[in-house]
>>> print(open('structure.pdb').read())   # PDB, C-alpha atoms
ATOM      1  CA  GLY P 163      84.918  97.096  97.970
ATOM      2  CA  GLU P 164      85.207  93.554  99.227
ATOM      3  CA  GLU P 165      82.596  92.282  96.758
ATOM      4  CA  VAL P 166      84.671  93.482  93.798
ATOM      5  CA  ALA P 167      87.937  92.239  95.310
ATOM      6  CA  ALA P 168      86.424  88.737  95.388
ATOM      7  CA  PHE P 169      85.462  88.722  91.696
ATOM      8  CA  ALA P 170      86.798  85.819  89.655
ATOM      9  CA  ASP P 171      88.503  86.541  86.356
ATOM     10  CA  GLY P 172      85.468  85.502  84.302
ATOM     11  CA  PRO P 173      82.015  87.034  83.912
ATOM     12  CA  VAL P 174      80.587  89.319  86.590
ATOM     13  CA  ASP P 175      77.188  88.831  88.238
ATOM     14  CA  PRO P 176      74.635  90.767  86.150
ATOM     15  CA  ASP P 177      72.780  91.808  89.321
ATOM     16  CA  PHE P 178      75.946  93.507  90.617
ATOM     17  CA  VAL P 179      76.493  95.298  87.306
ATOM     18  CA  ARG P 180      72.894  96.538  87.163
ATOM     19  CA  ALA P 181      72.989  97.711  90.793
ATOM     20  CA  PHE P 182      76.323  99.469  90.204
ATOM     21  CA  GLN P 183      75.146 101.276  87.071
ATOM     22  CA  GLU P 184      71.802 102.225  88.607
ATOM     23  CA  SER P 185      73.651 103.658  91.619
ATOM     24  CA  THR P 186      75.363 106.195  89.351
ATOM     25  CA  VAL P 187      72.145 107.960  88.376
ATOM     26  CA  ALA P 188      69.975 110.160  90.549
ATOM     27  CA  LYS P 189      67.216 110.522  87.952
ATOM     28  CA  ALA P 190      65.661 107.618  86.069
ATOM     29  CA  VAL P 191      66.909 106.891  82.571
ATOM     30  CA  PRO P 192      64.928 104.869  80.017
ATOM     31  CA  ASP P 193      64.915 101.116  80.750
ATOM     32  CA  GLN P 194      66.153 100.286  77.253
ATOM     33  CA  PHE P 195      69.111 102.631  77.717
ATOM     34  CA  MET P 196      70.026 101.145  81.117
ATOM     35  CA  ASP P 197      69.740  97.637  79.651
ATOM     36  CA  MET P 198      72.272  98.658  76.982
ATOM     37  CA  ILE P 199      74.646 100.109  79.596
ATOM     38  CA  VAL P 200      74.421  96.915  81.658
ATOM     39  CA  ALA P 201      74.984  94.730  78.579
ATOM     40  CA  GLU P 202      78.085  96.739  77.670
ATOM     41  CA  SER P 203      79.361  96.617  81.262
ATOM     42  CA  LEU P 204      78.952  92.839  81.336
ATOM     43  CA  LYS P 205      81.646  92.632  78.647
ATOM     44  CA  LEU P 206      84.216  93.507  81.337
ATOM     45  CA  THR P 207      85.754  90.580  83.202
ATOM     46  CA  GLY P 208      85.990  90.413  86.967
ATOM     47  CA  GLN P 209      89.708  91.148  86.670
ATOM     48  CA  THR P 210      88.979  94.355  84.758
ATOM     49  CA  TRP P 211      86.452  95.497  87.389
ATOM     50  CA  ARG P 212      89.011  94.790  90.144
ATOM     51  CA  THR P 213      91.815  96.620  88.334
ATOM     52  CA  VAL P 214      89.812  99.713  87.418
ATOM     53  CA  LEU P 215      88.099 100.182  90.772
ATOM     54  CA  SER P 216      91.336  99.521  92.658
ATOM     55  CA  ALA P 217      93.197 102.105  90.562
ATOM     56  CA  LEU P 218      90.438 104.670  91.153
ATOM     57  CA  ALA P 219      90.752 104.128  94.892
ATOM     58  CA  GLN P 220      94.564 104.142  95.052
ATOM     59  CA  GLU P 221      95.908 106.509  92.385
ATOM     60  CA  ASP P 222      96.377 110.171  93.247
ATOM     61  CA  LEU P 223      97.136 112.165  90.133
ATOM     62  CA  THR P 224      96.510 115.563  91.736
ATOM     63  CA  GLY P 225     100.108 116.612  91.187
ATOM     64  CA  ALA P 226      99.868 115.976  87.447
ATOM     65  CA  LEU P 227      96.845 118.255  86.962
ATOM     66  CA  SER P 228      98.922 121.424  86.666
ATOM     67  CA  ARG P 229     100.566 120.029  83.507
ATOM     68  CA  ILE P 230      97.220 120.103  81.661
ATOM     69  CA  ALA P 231      97.211 123.541  80.098
ATOM     70  CA  ALA P 232      94.356 122.973  77.641
ATOM     71  CA  PRO P 233      91.035 124.638  78.376
ATOM     72  CA  THR P 234      89.031 122.089  80.334
ATOM     73  CA  LEU P 235      85.323 121.853  80.992
ATOM     74  CA  LEU P 236      84.263 119.894  84.074
ATOM     75  CA  ILE P 237      80.618 118.817  84.026
ATOM     76  CA  CYS P 238      79.139 117.102  87.037
ATOM     77  CA  GLY P 239      75.798 116.322  88.563
ATOM     78  CA  GLU P 240      75.043 117.815  91.961
ATOM     79  CA  LYS P 241      74.040 114.361  93.272
ATOM     80  CA  ASP P 242      77.192 112.539  92.141
ATOM     81  CA  ALA P 243      77.775 109.925  94.835
ATOM     82  CA  LEU P 244      81.082 108.736  93.334
ATOM     83  CA  PHE P 245      82.901 112.037  92.771
ATOM     84  CA  GLY P 246      81.080 114.789  94.593
ATOM     85  CA  LEU P 247      81.625 118.523  94.937
ATOM     86  CA  ALA P 248      84.863 118.286  96.954
ATOM     87  CA  TYR P 249      86.403 116.124  94.227
ATOM     88  CA  GLN P 250      85.228 118.501  91.495
ATOM     89  CA  GLN P 251      86.600 121.504  93.391
ATOM     90  CA  ALA P 252      89.975 119.754  93.750
ATOM     91  CA  LEU P 253      90.053 119.209  89.979
ATOM     92  CA  LEU P 254      89.076 122.821  89.393
ATOM     93  CA  ALA P 255      91.826 124.049  91.724
ATOM     94  CA  GLY P 256      94.440 121.771  90.150
ATOM     95  CA  LEU P 257      93.676 122.425  86.493
ATOM     96  CA  PRO P 258      95.103 125.807  85.470
ATOM     97  CA  ASN P 259      92.522 126.540  82.768
ATOM     98  CA  ALA P 260      89.333 124.823  83.894
ATOM     99  CA  SER P 261      85.736 125.776  84.443
ATOM    100  CA  LEU P 262      83.105 123.803  86.336
ATOM    101  CA  GLU P 263      79.454 123.370  85.437
ATOM    102  CA  MET P 264      77.349 121.603  88.042
ATOM    103  CA  LEU P 265      73.967 120.449  86.820
ATOM    104  CA  PRO P 266      71.119 120.400  89.331
ATOM    105  CA  GLY P 267      69.496 116.979  89.617
ATOM    106  CA  PRO P 268      71.798 114.428  87.961
ATOM    107  CA  GLY P 269      74.153 112.039  89.707
ATOM    108  CA  HIS P 270      77.463 110.682  88.390
ATOM    109  CA  SER P 271      76.270 110.365  84.798
ATOM    110  CA  PRO P 272      74.706 113.692  83.760
ATOM    111  CA  GLN P 273      75.292 112.800  80.096
ATOM    112  CA  TRP P 274      72.773 109.950  80.589
ATOM    113  CA  GLU P 275      70.334 111.803  82.825
ATOM    114  CA  ASP P 276      70.239 115.180  81.084
ATOM    115  CA  PRO P 277      71.927 114.761  77.692
ATOM    116  CA  GLU P 278      70.419 117.971  76.300
ATOM    117  CA  ALA P 279      71.918 120.110  79.059
ATOM    118  CA  VAL P 280      75.301 118.401  78.718
ATOM    119  CA  ALA P 281      75.246 118.837  74.934
ATOM    120  CA  LYS P 282      74.473 122.558  75.321
ATOM    121  CA  LEU P 283      77.383 122.983  77.736
ATOM    122  CA  VAL P 284      79.783 121.112  75.451
ATOM    123  CA  CYS P 285      78.647 123.067  72.375
ATOM    124  CA  ALA P 286      79.018 126.397  74.198
ATOM    125  CA  PHE P 287      82.465 125.379  75.443
ATOM    126  CA  ALA P 288      83.578 124.265  71.980
ATOM    127  CA  ALA P 289      82.268 127.502  70.424
ATOM    128  CA  ARG P 290      84.200 129.793  72.758
ATOM    129  CA  PRO P 291      86.914 131.871  71.163
ATOM    130  CA  SER P 292      90.363 130.475  71.733
ATOM    131  CA  VAL P 293      91.311 130.857  75.366
ATOM    132  CA  ASP P 294      94.798 131.971  76.312
ATOM    133  CA  VAL P 295      96.452 129.132  78.145
ATOM    134  CA  LYS P 296      97.818 130.172  81.507
ATOM    135  CA  PRO P 297     101.605 129.665  81.867
TER     136      PRO P 297
END
>>> encode(input="structure.pdb", output="structure tokens")
Amino acid sequence: GEEVAAFADGPVDPDFVRAFQESTVAKAVPDQFMDMIVAESLKLTGQTWRTVLSALAQEDLTGALSRIAAPTLLICGEKDALFGLAYQQALLAGLPNASLEMLPGPGHSPQWEDPEAVAKLVCAFAARPSVDVKP
């Protein structure tokens, strides 16, 4: 919001980055892992944070979803505070060949919080026989 809009073009406050990344998880992840995520996120300049978060808030690509004919697997955590169930259902409705897997417990980053469950879903999806693409 306003805090991000006020970012200078240089480095971002590490406390903001840590709070942002920690807000994306509903279940604790190992400290060493979160430290790595924060360190990687600190490589983004304030301008990049402003641009990305502004685009997420302003762009509506719903109309383009129907052009994605490839089989699509949507994986989300039931406690995703950034893109919750209504958002996932809109993606599911807009993508002609999609399936949705909602994991109980995780937030926005289920691949961090429950990597084994996400890996199983991805492996099962990749192992499916070829799916006929809907016209």
>>> residues_near_point(input="structure.pdb", point="(73.1, 116.9, 89.7)", cutoff="6 Å", atoms="all atoms listed in the file", output="list in words")
Gly239, Glu240, Lys241, Leu265, Pro266, Gly267, Pro268 and Gly269 of chain P
>>> resolve_selection(input="structure.pdb", expression="the PyMOL selection byres ((chain P and resi 232) around 8)", output="short mmCIF file (atom, residue, chain, number, x, y, z; two decimals) with C-alpha atoms, keeping the file's coordinate frame")
data_model
loop_
_atom_site.label_atom_id
_atom_site.label_comp_id
_atom_site.auth_asym_id
_atom_site.auth_seq_id
_atom_site.Cartn_x
_atom_site.Cartn_y
_atom_site.Cartn_z
CA ILE P 230 97.22 120.10 81.66
CA ALA P 231 97.21 123.54 80.10
CA PRO P 233 91.04 124.64 78.38
CA THR P 234 89.03 122.09 80.33
CA ASN P 259 92.52 126.54 82.77
CA VAL P 295 96.45 129.13 78.14
#
>>> atom_distance(input="structure.pdb", atom1="atom CA of Leu227 of chain P", atom2="atom CA of Gln273 of chain P")
23.3 Å
>>> closest_residue(input="structure.pdb", among="P:Ser185, P:Ala226, P:Pro176, P:Leu218", to="Leu204 of chain P", atoms="all atoms listed in the file")
P:Pro176
>>> atom_distance(input="structure.pdb", atom1="atom CA of Asp171 of chain P", atom2="atom CA of Asp222 of chain P")
25.8 Å
>>> axis_aligned_box(input="structure.pdb", around="segment 202-209 of chain P", padding_each_side="5 Å", output="lines of an AutoDock Vina configuration file")
center_x = 83.9
center_y = 93.6
center_z = 82.3
size_x = 21.6
size_y = 16.3
size_z = 19.3
>>> atom_distance(input="structure.pdb", atom1="atom CA of Leu235 of chain P", atom2="atom CA of Ala260 of chain P")
5.8 Å
>>> closest_residue(input="structure.pdb", among="P:Ile237, P:Ser216, P:Pro192, P:Asp175", to="Ala281 of chain P", atoms="all atoms listed in the file")
P:Ile237
>>> residues_around(input="structure.pdb", residues="Val179 of chain P", least_positions_apart="2", cutoff="10 Å", atoms="only C-alpha atoms", output="PDB file with C-alpha atoms, in the frame of the given file")
ATOM      1  CA  VAL P 174      80.587  89.319  86.590  1.00  0.00           C
ATOM      2  CA  ASP P 175      77.188  88.831  88.238  1.00  0.00           C
ATOM      3  CA  PRO P 176      74.635  90.767  86.150  1.00  0.00           C
ATOM      4  CA  ASP P 177      72.780  91.808  89.321  1.00  0.00           C
ATOM      5  CA  ALA P 181      72.989  97.711  90.793  1.00  0.00           C
ATOM      6  CA  PHE P 182      76.323  99.469  90.204  1.00  0.00           C
ATOM      7  CA  GLN P 183      75.146 101.276  87.071  1.00  0.00           C
ATOM      8  CA  GLU P 184      71.802 102.225  88.607  1.00  0.00           C
ATOM      9  CA  SER P 185      73.651 103.658  91.619  1.00  0.00           C
ATOM     10  CA  ILE P 199      74.646 100.109  79.596  1.00  0.00           C
ATOM     11  CA  VAL P 200      74.421  96.915  81.658  1.00  0.00           C
ATOM     12  CA  ALA P 201      74.984  94.730  78.579  1.00  0.00           C
ATOM     13  CA  GLU P 202      78.085  96.739  77.670  1.00  0.00           C
ATOM     14  CA  SER P 203      79.361  96.617  81.262  1.00  0.00           C
ATOM     15  CA  LEU P 204      78.952  92.839  81.336  1.00  0.00           C
ATOM     16  CA  LEU P 206      84.216  93.507  81.337  1.00  0.00           C
ATOM     17  CA  TRP P 211      86.452  95.497  87.389  1.00  0.00           C
TER      18      TRP P 211
END
>>> closest_residue(input="structure.pdb", among="P:Leu253, P:Ala219, P:Ala288, P:Cys238", to="Trp274 of chain P", atoms="only C-alpha atoms")
P:Cys238
>>> closest_residue(input="structure.pdb", among="P:Lys189, P:Ser271, P:Gln194, P:Leu223", to="Gly246 of chain P", atoms="all atoms listed in the file")
P:Ser271
>>> residues_around(input="structure.pdb", residues="Gln251 of chain P", least_positions_apart="3", cutoff="12 Å", atoms="all atoms listed in the file", output="list in words")
Thr224, Leu236, Ile237, Cys238, Phe245, Gly246, Leu247, Ala248, Leu254, Ala255, Gly256, Leu257, Ala260, Ser261, Leu262, Glu263 and Met264 of chain P
>>> build_atoms(input="structure.pdb", residues="segment 201-212 of chain P", atoms="all heavy atoms", output="PDB file, keeping the file's coordinate frame")
ATOM      1  N   ALA P 201      74.449  95.705  79.535  1.00  0.00           N
ATOM      2  CA  ALA P 201      74.984  94.730  78.579  1.00  0.00           C
ATOM      3  C   ALA P 201      76.430  95.061  78.209  1.00  0.00           C
ATOM      4  O   ALA P 201      77.284  94.168  78.140  1.00  0.00           O
ATOM      5  CB  ALA P 201      74.107  94.684  77.327  1.00  0.00           C
ATOM      6  N   GLU P 202      76.712  96.336  77.993  1.00  0.00           N
ATOM      7  CA  GLU P 202      78.085  96.739  77.670  1.00  0.00           C
ATOM      8  C   GLU P 202      79.014  96.500  78.860  1.00  0.00           C
ATOM      9  O   GLU P 202      80.144  96.055  78.694  1.00  0.00           O
ATOM     10  CB  GLU P 202      78.133  98.201  77.234  1.00  0.00           C
ATOM     11  CG  GLU P 202      77.518  98.451  75.873  1.00  0.00           C
ATOM     12  CD  GLU P 202      78.255  97.722  74.755  1.00  0.00           C
ATOM     13  OE1 GLU P 202      79.493  97.800  74.684  1.00  0.00           O
ATOM     14  OE2 GLU P 202      77.570  97.060  73.942  1.00  0.00           O
ATOM     15  N   SER P 203      78.548  96.794  80.056  1.00  0.00           N
ATOM     16  CA  SER P 203      79.361  96.617  81.262  1.00  0.00           C
ATOM     17  C   SER P 203      79.651  95.152  81.537  1.00  0.00           C
ATOM     18  O   SER P 203      80.691  94.818  82.116  1.00  0.00           O
ATOM     19  CB  SER P 203      78.664  97.239  82.468  1.00  0.00           C
ATOM     20  OG  SER P 203      78.488  98.623  82.273  1.00  0.00           O
ATOM     21  N   LEU P 204      78.751  94.280  81.134  1.00  0.00           N
ATOM     22  CA  LEU P 204      78.952  92.839  81.336  1.00  0.00           C
ATOM     23  C   LEU P 204      80.066  92.293  80.456  1.00  0.00           C
ATOM     24  O   LEU P 204      80.533  91.168  80.668  1.00  0.00           O
ATOM     25  CB  LEU P 204      77.651  92.077  81.086  1.00  0.00           C
ATOM     26  CG  LEU P 204      76.613  92.203  82.200  1.00  0.00           C
ATOM     27  CD1 LEU P 204      75.278  91.619  81.759  1.00  0.00           C
ATOM     28  CD2 LEU P 204      77.106  91.526  83.474  1.00  0.00           C
ATOM     29  N   LYS P 205      80.533  93.063  79.491  1.00  0.00           N
ATOM     30  CA  LYS P 205      81.646  92.632  78.647  1.00  0.00           C
ATOM     31  C   LYS P 205      82.975  92.683  79.396  1.00  0.00           C
ATOM     32  O   LYS P 205      83.964  92.103  78.967  1.00  0.00           O
ATOM     33  CB  LYS P 205      81.720  93.491  77.385  1.00  0.00           C
ATOM     34  CG  LYS P 205      80.524  93.289  76.464  1.00  0.00           C
ATOM     35  CD  LYS P 205      80.592  94.198  75.255  1.00  0.00           C
ATOM     36  CE  LYS P 205      79.385  94.001  74.346  1.00  0.00           C
ATOM     37  NZ  LYS P 205      79.413  94.913  73.185  1.00  0.00           N
ATOM     38  N   LEU P 206      83.002  93.412  80.529  1.00  0.00           N
ATOM     39  CA  LEU P 206      84.216  93.507  81.337  1.00  0.00           C
ATOM     40  C   LEU P 206      84.335  92.275  82.229  1.00  0.00           C
ATOM     41  O   LEU P 206      83.360  91.865  82.852  1.00  0.00           O
ATOM     42  CB  LEU P 206      84.193  94.757  82.207  1.00  0.00           C
ATOM     43  CG  LEU P 206      84.047  96.088  81.492  1.00  0.00           C
ATOM     44  CD1 LEU P 206      83.957  97.214  82.504  1.00  0.00           C
ATOM     45  CD2 LEU P 206      85.194  96.308  80.534  1.00  0.00           C
ATOM     46  N   THR P 207      85.529  91.728  82.318  1.00  0.00           N
ATOM     47  CA  THR P 207      85.754  90.580  83.202  1.00  0.00           C
ATOM     48  C   THR P 207      85.881  91.045  84.648  1.00  0.00           C
ATOM     49  O   THR P 207      86.088  92.237  84.916  1.00  0.00           O
ATOM     50  CB  THR P 207      87.053  89.843  82.818  1.00  0.00           C
ATOM     51  OG1 THR P 207      88.160  90.721  83.071  1.00  0.00           O
ATOM     52  CG2 THR P 207      87.038  89.393  81.366  1.00  0.00           C
ATOM     53  N   GLY P 208      85.798  90.100  85.559  1.00  0.00           N
ATOM     54  CA  GLY P 208      85.990  90.413  86.967  1.00  0.00           C
ATOM     55  C   GLY P 208      87.343  91.051  87.222  1.00  0.00           C
ATOM     56  O   GLY P 208      87.472  91.968  88.033  1.00  0.00           O
ATOM     57  N   GLN P 209      88.369  90.577  86.510  1.00  0.00           N
ATOM     58  CA  GLN P 209      89.708  91.148  86.670  1.00  0.00           C
ATOM     59  C   GLN P 209      89.724  92.618  86.266  1.00  0.00           C
ATOM     60  O   GLN P 209      90.350  93.450  86.929  1.00  0.00           O
ATOM     61  CB  GLN P 209      90.723  90.366  85.843  1.00  0.00           C
ATOM     62  CG  GLN P 209      92.129  90.939  85.940  1.00  0.00           C
ATOM     63  CD  GLN P 209      93.135  90.191  85.090  1.00  0.00           C
ATOM     64  OE1 GLN P 209      92.792  89.244  84.392  1.00  0.00           O
ATOM     65  NE2 GLN P 209      94.376  90.607  85.161  1.00  0.00           N
ATOM     66  N   THR P 210      89.024  92.958  85.200  1.00  0.00           N
ATOM     67  CA  THR P 210      88.979  94.355  84.758  1.00  0.00           C
ATOM     68  C   THR P 210      88.276  95.224  85.795  1.00  0.00           C
ATOM     69  O   THR P 210      88.754  96.313  86.127  1.00  0.00           O
ATOM     70  CB  THR P 210      88.277  94.466  83.392  1.00  0.00           C
ATOM     71  OG1 THR P 210      88.968  93.643  82.453  1.00  0.00           O
ATOM     72  CG2 THR P 210      88.265  95.911  82.902  1.00  0.00           C
ATOM     73  N   TRP P 211      87.150  94.752  86.322  1.00  0.00           N
ATOM     74  CA  TRP P 211      86.452  95.497  87.389  1.00  0.00           C
ATOM     75  C   TRP P 211      87.387  95.721  88.565  1.00  0.00           C
ATOM     76  O   TRP P 211      87.485  96.825  89.091  1.00  0.00           O
ATOM     77  CB  TRP P 211      85.202  94.742  87.848  1.00  0.00           C
ATOM     78  CG  TRP P 211      84.012  94.919  86.965  1.00  0.00           C
ATOM     79  CD1 TRP P 211      83.647  94.133  85.914  1.00  0.00           C
ATOM     80  CD2 TRP P 211      83.026  95.952  87.051  1.00  0.00           C
ATOM     81  NE1 TRP P 211      82.497  94.606  85.343  1.00  0.00           N
ATOM     82  CE2 TRP P 211      82.090  95.718  86.021  1.00  0.00           C
ATOM     83  CE3 TRP P 211      82.842  97.035  87.889  1.00  0.00           C
ATOM     84  CZ2 TRP P 211      80.984  96.544  85.820  1.00  0.00           C
ATOM     85  CZ3 TRP P 211      81.741  97.857  87.694  1.00  0.00           C
ATOM     86  CH2 TRP P 211      80.827  97.608  86.666  1.00  0.00           C
ATOM     87  N   ARG P 212      88.098  94.667  88.995  1.00  0.00           N
ATOM     88  CA  ARG P 212      89.011  94.790  90.144  1.00  0.00           C
ATOM     89  C   ARG P 212      90.101  95.817  89.856  1.00  0.00           C
ATOM     90  O   ARG P 212      90.394  96.671  90.680  1.00  0.00           O
ATOM     91  CB  ARG P 212      89.666  93.438  90.462  1.00  0.00           C
ATOM     92  CG  ARG P 212      88.795  92.453  91.164  1.00  0.00           C
ATOM     93  CD  ARG P 212      89.584  91.283  91.760  1.00  0.00           C
ATOM     94  NE  ARG P 212      90.660  90.776  90.925  1.00  0.00           N
ATOM     95  CZ  ARG P 212      90.537  89.788  90.045  1.00  0.00           C
ATOM     96  NH1 ARG P 212      89.367  89.200  89.857  1.00  0.00           N
ATOM     97  NH2 ARG P 212      91.573  89.372  89.352  1.00  0.00           N
TER      98      ARG P 212
END
